[in-house]
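S.K.: So that we are looking at the same thing, I have put the structure below in structure tokens.
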Amino acid sequence: MPFEFAFLDWLYQFRNPVMNTISIFFDYAGAHGEIWIAFTLLLLLFRRTRKAGFAMAVALVLYMAAGHFFLKPLFARPRPCDLNTSITMLVARPHGHSFPSGHTASAFAAAFALWLQNRKLGVPALVLAAFIAFTRLYLYVHFPTDVLGGLVLGLALGALASRLVDSLANKSKKKQSV
């Protein structure tokens, strides 16, 4: 953990008003998955993107079950901002435990599920997910390994969600052709 604090402290020195504002915005937009839920609902509205939206919805539900309700309580890791109280917080101290990063896991779960269903829409979603992951470090609310754990969990859940949706779609097609 000393290396992780060293990295966060190094990153802390680069705080500036522009990045502060952007990071605060994405903290609030991702606090309960709002940004991903909004994208999911938008995709569900259109027939052409409905399957991708459904894959994103499944990925987000899988994150809530696996990450939020199971892994966070299991690891019960304190946040860096709780251990180093000398830093100035830009956002309210997040509730709950630190590992894995929920913002990161839900972002990558939704974005990767989308990418597997629709590369064109998935690429900017993955870029946004990576930026959100970075802001968790910038805001000093997660350790790098929390973000890495969220990334790995998100990719796995996004892949699982996409596979489940593909499987359901294939079963539906087979029923219609019989």
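The chains in the structure tokens are called A, B, ... from first to last as shown; in each chain the residues are counted from 1, and the ligands are counted from 1 in the order shown.
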Show me, as a ChimeraX atom specification, the residues that have an atom within 12 Å of A:Phe75 when counting only C-alpha atoms, minus same-chain residues fewer than 5 positions from it.
M.R.: /A:67-70,96-101,146,149
S.K.: Store the residues picked out above in a file with N, CA, C and O atoms, as a short mmCIF file (atom, residue, chain, number, x, y, z; two decimals), in the first residue's frame.
M.R.:
data_model
loop_
_atom_site.label_atom_id
_atom_site.label_comp_id
_atom_site.auth_asym_id
_atom_site.auth_seq_id
_atom_site.Cartn_x
_atom_site.Cartn_y
_atom_site.Cartn_z
N GLY A 67 -20.33 -6.94 -7.38
CA GLY A 67 -19.42 -5.95 -6.83
C GLY A 67 -19.93 -5.27 -5.59
O GLY A 67 -19.30 -5.31 -4.52
N HIS A 68 -21.06 -4.64 -5.73
CA HIS A 68 -21.57 -3.80 -4.64
C HIS A 68 -22.05 -4.63 -3.44
O HIS A 68 -21.76 -4.29 -2.29
N PHE A 69 -22.81 -5.67 -3.72
CA PHE A 69 -23.40 -6.44 -2.61
C PHE A 69 -22.53 -7.59 -2.11
O PHE A 69 -22.75 -8.09 -1.02
N PHE A 70 -21.55 -8.03 -2.92
CA PHE A 70 -20.74 -9.16 -2.49
C PHE A 70 -19.27 -8.79 -2.23
O PHE A 70 -18.77 -8.97 -1.13
N GLY A 96 -19.36 3.42 1.92
CA GLY A 96 -18.97 2.06 1.59
C GLY A 96 -17.48 1.88 1.49
O GLY A 96 -16.69 2.78 1.75
N HIS A 97 -17.12 0.68 1.09
CA HIS A 97 -15.73 0.28 1.05
C HIS A 97 -15.09 0.61 -0.30
O HIS A 97 -15.77 0.96 -1.25
N SER A 98 -13.78 0.45 -0.35
CA SER A 98 -13.01 0.91 -1.48
C SER A 98 -12.80 -0.11 -2.59
O SER A 98 -12.71 0.25 -3.75
N PHE A 99 -12.71 -1.39 -2.24
CA PHE A 99 -12.39 -2.41 -3.25
C PHE A 99 -13.59 -3.28 -3.57
O PHE A 99 -14.20 -3.81 -2.64
N PRO A 100 -13.89 -3.43 -4.84
CA PRO A 100 -13.36 -2.77 -6.03
C PRO A 100 -14.05 -1.42 -6.24
O PRO A 100 -15.11 -1.16 -5.67
N SER A 101 -13.47 -0.60 -7.08
CA SER A 101 -14.08 0.69 -7.40
C SER A 101 -15.39 0.45 -8.15
O SER A 101 -15.41 -0.11 -9.24
N ASP A 146 -7.78 -0.73 -6.37
CA ASP A 146 -9.26 -0.70 -6.37
C ASP A 146 -9.76 -0.48 -7.80
O ASP A 146 -10.72 -1.11 -8.24
N GLY A 149 -8.96 -3.53 -9.90
CA GLY A 149 -9.96 -4.56 -9.59
C GLY A 149 -11.30 -4.26 -10.23
O GLY A 149 -11.97 -5.15 -10.76
#
S.K.: Each residue of stretch 122-161 of chain A lying at most 8 Å from stretch 24-41 of chain A should get a row with its shortest atom-to-atom pair and the distance in Å to one decimal, counting only C-alpha atoms; could you produce that, ordered by chain and increasing number, as a Markdown table?
M.R.:
| residue | atom | partner | partner_atom | distance |
| --- | --- | --- | --- | --- |
| A:Ile132 | CA | A:Phe26 | CA | 6.5 |
| A:Thr135 | CA | A:Phe26 | CA | 7.6 |
| A:Arg136 | CA | A:Asp27 | CA | 7.8 |
S.K.: Please identify all polymer residues within 9 Å of A:Phe143, counting only C-alpha atoms, omitting same-chain residues fewer than 4 positions from it, and present them as a ChimeraX atom specification.
M.R.: /A:1,4-5,7-8,79-80,98-99,101,136-137,147-148
S.K.: How would the residues just chosen look if you wrote them out with C-alpha atoms as a PDB file, in the first residue's frame?
M.R.:
ATOM      1  CA  MET A   1       0.000   0.000   0.000  1.00  0.00           C
ATOM      2  CA  GLU A   4      -0.290   3.206  -3.852  1.00  0.00           C
ATOM      3  CA  PHE A   5      -0.182   6.176  -1.479  1.00  0.00           C
ATOM      4  CA  PHE A   7       1.157   7.299  -6.574  1.00  0.00           C
ATOM      5  CA  LEU A   8      -1.957   9.044  -5.232  1.00  0.00           C
ATOM      6  CA  ARG A  79     -10.556   4.256   1.245  1.00  0.00           C
ATOM      7  CA  PRO A  80      -7.311   6.194   0.867  1.00  0.00           C
ATOM      8  CA  SER A  98     -13.006   0.915  -1.479  1.00  0.00           C
ATOM      9  CA  PHE A  99     -12.390  -2.406  -3.253  1.00  0.00           C
ATOM     10  CA  SER A 101     -14.077   0.687  -7.403  1.00  0.00           C
ATOM     11  CA  ARG A 136     -11.367   7.879  -8.931  1.00  0.00           C
ATOM     12  CA  LEU A 137      -7.622   8.180  -8.404  1.00  0.00           C
ATOM     13  CA  VAL A 147      -9.495   0.781  -9.853  1.00  0.00           C
ATOM     14  CA  LEU A 148      -7.623  -2.148 -11.391  1.00  0.00           C
TER      15      LEU A 148
END
S.K.: Just checking: using only C-alpha atoms, which residue out of A:Val141, A:Ala129, A:Ala110, A:Leu60 ends up closest to A:Cys81?
M.R.: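 Of A:Val141, A:Ala129, A:Ala110, A:Leu60, the one nearest A:Cys81, counting only C-alpha atoms, is A:Val141.
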S.K.: Measure the distance from atom CA of A:Phe108 to atom CA of A:Gly154 in Å and round it to one decimal.
M.R.: 4.6 Å
S.K.: Measuring between only C-alpha atoms, which one of A:Leu126, A:Arg163, A:Ala59, A:Phe134 shows the shortest distance to A:Met19?
M.R.: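 The closest residue to A:Met19 is A:Phe134.
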S.K.: What is the distance, in Å and to one decimal place, between atom CA of A:Gln117 and atom CA of A:Ser162?
M.R.: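 Straight-line distance from atom CA of A:Gln117 to atom CA of A:Ser162 works out to 6.9 Å.
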S.K.: Excluding A:Asn20 and any residue of its chain fewer than 3 positions from it, enumerate the residues within 10 Å of it, using only C-alpha atoms, and give them as an MDAnalysis selection string.
M.R.: chainID A and resid 14:17 23:25 90:91 135 138:139
S.K.: Please report the interatomic distance between atom CA of A:Gly150 and atom CA of A:Asp82 in Å with one decimal.
M.R.: 19.3 Å
S.K.: For A:Arg77, which residue out of A:Phe131, A:Thr49, A:Pro2, A:Thr145 is the nearest one, using only C-alpha atoms?
M.R.: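 Once distances to A:Arg77 are computed over only C-alpha atoms, the minimum belongs to A:Thr145.
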